[in-house]
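Participant: I'd like to ask you about the structure that follows.
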Amino acid sequence: MFDSLSDRLGGVFDRLRGRGALTEADVRTAMREVRVALLEADVALPVARDFVDKVTEQAIGQNVLRSITPGQQVVKIVHDALVAMLGADASELLLDVTPPAVVMMVGLQGSGKTTTTAKIAKRLSSGAMGRERKKVLMASLDVNRPAAQEQLATLGTQVEVSTLPIIAGQQPVEIARRALQAAKLQGYDVLMLDTAGRLHVDQALMDEMKAVAEIAQPQEILLVVDSLTGQDAVNVATSFSEQVPLTGVVLTRMDGDARGGAALSMRAVTGKPIKFAGVGEKMDALEAFHPERVAGRILG
Ligand code: GDP
C-alpha cells in the first residue's frame, strides 16, 4: 500500500545513511524531497509541511549532525515522527464499562461502514482481540438506503452475531433507544450501532449523528473512511471530527491503497488514532493498525 512513498523515501534515506558527515544543507535538501514524496502520496499539504518542519528542526539541532552516524540518526528522527503522525498510542477499543458498551460507526455511504461494523462484531464475539468473547448485538440505523438494515442482518447471520429485529418505519433515534434497551435487558456486552451514511457530508446527517450519540452515549465513535479517496477522505475526516466526538478512525480499502497519504493525514486532522485497517471484502479482512509497522514499511 505504501510502495510508491516507500520507494521515494527509500532513495532519499539510502543517500543519507551512506554518508559519514552531513551538513545542514544536506538535511534541507533531503527534507525537500521528503515533502514532495509526501504530497505525491496524497498527504494533506499542512500535514506534510508541519512534518517536514518538525523533522528538519530536530535533525539540525540536538547535535545530530556532529554525531558519528548522522544519516542514521536523521532516518530515526523521521521514523519516530512518522509513528507519531500515524498515532503512536495503542489502538484498543475501550469497552471496559458496565455493559453494554456502545460502539457507534459513522461515515459516508459506501465507505465500508456496514461491512466494518460486522467485521468488528466478529472480532469481538470470537475473542480475536486477545480478550474474552463478547456477546455482541448489532443494529442498523440506516433508514435512508433501501435494504441497509437487511444487509447488516445478512452479515450478522454470516458472522454469527445477533442483529436487532427490524421494525419498518422506525427512525434512527427510536431504533437506537430500542437497541440500547434490548442490549441491557438481554445481557449484551457490546452494542454496535451502524448509522446512516450520506453521499456527502451534510448538516442533517450531522444532526442525526449527534442525536443518536446523545441517546446512546457511546464509548467509541469510529469514523469509517475509504482510504482510496485520498484528499476527500481527509476532508470528510475534518468535517466529522468538528461535529462529532470521534474516538478513532477505521481506514477501509487499505488493500487497494497505493499511495497511503490518507492514513498519514488522518491522525493529524482528527487528533484520533487509526484503530483498524480494512484490507478486503471478507469478514476477517480487518487488521489492528500498527503505526510502527507502517512507518517501518514506508522507510523500507
Ligand atoms: P457503507 O455504505 O459505508 O455501509 O458501505 P458497505 O459496508 O456496504 O461497503 C461498500 C463496499 O465496499 C462493499 O462492497 C464492501 O464489500 C466493500 N468494502 C468494505 N470494506 C472494504 C475493504 O477494506 N476492502 C475492500 N476491498 N472492499 C471493502
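FYI, nothing fancy with the C-alpha cells labels: chains A, B, ... in order, residues from 1 per chain, ligands from 1 as they appear.
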At a cut-off of 10 Å, can you tabulate as CSV every residue of chain A near ligand 1 together with its closest atom pair and the distance in Å to one decimal, using only C-alpha atoms and all ligand atoms and ordering rows by chain then number?
Facilitator:
residue,atom,partner,partner_atom_place_in_ligand_line,distance
A:Met105,CA,ligand 1,3 (O),9.3
A:Val106,CA,ligand 1,3 (O),8.3
A:Gly107,CA,ligand 1,3 (O),6.5
A:Leu108,CA,ligand 1,3 (O),5.9
A:Gln109,CA,ligand 1,2 (O),3.9
A:Gly110,CA,ligand 1,2 (O),3.4
A:Ser111,CA,ligand 1,3 (O),3.9
A:Gly112,CA,ligand 1,5 (O),3.3
A:Lys113,CA,ligand 1,3 (O),3.6
A:Thr114,CA,ligand 1,4 (O),3.6
A:Thr115,CA,ligand 1,7 (O),3.6
A:Thr116,CA,ligand 1,7 (O),6.2
A:Thr117,CA,ligand 1,7 (O),7.8
A:Ala118,CA,ligand 1,7 (O),8.6
A:Lys119,CA,ligand 1,20 (N),9.2
A:Ser140,CA,ligand 1,4 (O),9.6
A:Asp142,CA,ligand 1,4 (O),8.8
A:Arg145,CA,ligand 1,2 (O),8.4
A:Ala148,CA,ligand 1,4 (O),7.5
A:Gln149,CA,ligand 1,4 (O),9.9
A:Gln151,CA,ligand 1,8 (O),7.8
A:Leu152,CA,ligand 1,4 (O),8.6
A:Leu155,CA,ligand 1,7 (O),9.9
A:Asp194,CA,ligand 1,4 (O),7.8
A:Thr195,CA,ligand 1,4 (O),8.5
A:Ala196,CA,ligand 1,4 (O),7.9
A:Gly197,CA,ligand 1,2 (O),6.3
A:Arg198,CA,ligand 1,2 (O),8.3
A:Leu199,CA,ligand 1,2 (O),9.1
A:Val224,CA,ligand 1,3 (O),7.4
A:Val225,CA,ligand 1,3 (O),8.3
A:Asp226,CA,ligand 1,20 (N),7.9
A:Ser227,CA,ligand 1,23 (O),8.8
A:Leu228,CA,ligand 1,24 (N),9.7
A:Val250,CA,ligand 1,23 (O),9.3
A:Leu251,CA,ligand 1,23 (O),7.4
A:Thr252,CA,ligand 1,23 (O),3.9
A:Arg253,CA,ligand 1,24 (N),3.5
A:Met254,CA,ligand 1,23 (O),5.9
A:Asp255,CA,ligand 1,24 (N),5.8
A:Gly256,CA,ligand 1,26 (N),6.5
A:Asp257,CA,ligand 1,24 (N),9.4
A:Phe276,CA,ligand 1,23 (O),9.7
A:Ala277,CA,ligand 1,23 (O),6.9
A:Gly278,CA,ligand 1,23 (O),3.3
A:Val279,CA,ligand 1,23 (O),4.1
A:Gly280,CA,ligand 1,24 (N),3.4
A:Glu281,CA,ligand 1,16 (O),4.1
A:Lys282,CA,ligand 1,16 (O),7.1
A:Met283,CA,ligand 1,16 (O),8.9
A:Asp284,CA,ligand 1,23 (O),9.9
A:Ala285,CA,ligand 1,23 (O),6.7
A:Leu286,CA,ligand 1,23 (O),7.0
A:Glu287,CA,ligand 1,23 (O),9.5
Participant: Would you pick out the contacts of stretch 46-60 of chain A at 12 Å or less, using only C-alpha atoms, so that residues sharing its chain but fewer than 4 positions from it are not included, and give the list as a ChimeraX atom specification?
Facilitator: /A:16,22-42,64-67,70-86,231,234,261-271
Participant: Per DSSP on the backbone, what are the alpha helix (DSSP H) residues of stretch 53-223 of chain A, as a PyMOL selection string?
Facilitator: chain A and resi 53-60+70-86+113-125+148-159+172-185+203-216
Participant: Work out how far apart atom CA of A:Ala168 and atom CA of A:Lys134 are and give it in Å to one decimal.
Facilitator: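 If I compute the distance from atom CA of A:Ala168 to atom CA of A:Lys134, I get 28.3 Å.
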Participant: So that I can check the surroundings of stretch 186-193 of chain A, please list as a list in words every protein, DNA and RNA residue that reaches within 8 Å of it, counting only C-alpha atoms and ignoring chain neighbours fewer than 3 positions away.
Facilitator: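 The residues satisfying every condition are Leu95, Pro99, Pro100, Ala101, Val102, Val103, Met104, Met105, Thr117, Ala121, Lys134, Lys135, Val136, Leu137, Met138, Ala139, Ser140, Leu141, Ala176, Ala179, Leu180, Ala182 and Ala183 of chain A.
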Participant: Take the residues from that selection and write them out as a PDB file, in the first residue's frame, keeping C-alpha atoms.
Facilitator:
ATOM      1  CA  LEU A  95     -15.053  -1.226  26.193  1.00  0.00           C
ATOM      2  CA  PRO A  99     -22.311  -3.380  29.848  1.00  0.00           C
ATOM      3  CA  PRO A 100     -23.478  -2.715  27.291  1.00  0.00           C
ATOM      4  CA  ALA A 101     -20.541  -0.764  25.875  1.00  0.00           C
ATOM      5  CA  VAL A 102     -21.741   1.128  22.819  1.00  0.00           C
ATOM      6  CA  VAL A 103     -19.704   1.457  19.621  1.00  0.00           C
ATOM      7  CA  MET A 104     -21.118   3.880  17.089  1.00  0.00           C
ATOM      8  CA  MET A 105     -19.967   3.687  13.464  1.00  0.00           C
ATOM      9  CA  THR A 117     -19.406  -2.988  11.712  1.00  0.00           C
ATOM     10  CA  ALA A 121     -18.502  -7.504  15.747  1.00  0.00           C
ATOM     11  CA  LYS A 134     -18.079 -10.607  23.931  1.00  0.00           C
ATOM     12  CA  LYS A 135     -21.788 -11.003  23.459  1.00  0.00           C
ATOM     13  CA  VAL A 136     -22.461  -8.510  20.683  1.00  0.00           C
ATOM     14  CA  LEU A 137     -25.666  -7.010  19.305  1.00  0.00           C
ATOM     15  CA  MET A 138     -25.654  -5.005  16.061  1.00  0.00           C
ATOM     16  CA  ALA A 139     -28.314  -2.541  14.960  1.00  0.00           C
ATOM     17  CA  SER A 140     -28.577  -0.611  11.705  1.00  0.00           C
ATOM     18  CA  LEU A 141     -29.927   2.913  11.995  1.00  0.00           C
ATOM     19  CA  ALA A 176     -31.032   3.489  18.945  1.00  0.00           C
ATOM     20  CA  ALA A 179     -31.345  -1.264  20.628  1.00  0.00           C
ATOM     21  CA  LEU A 180     -29.989   0.065  23.903  1.00  0.00           C
ATOM     22  CA  ALA A 182     -32.632  -4.715  24.131  1.00  0.00           C
ATOM     23  CA  ALA A 183     -28.896  -4.827  24.820  1.00  0.00           C
TER      24      ALA A 183
END
Participant: For A:Gly87, which of A:Val244, A:Lys272, A:Ala147, A:Gln171 is the closest residue, counting only C-alpha atoms?
Facilitator: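 Nearest to A:Gly87: A:Lys272.
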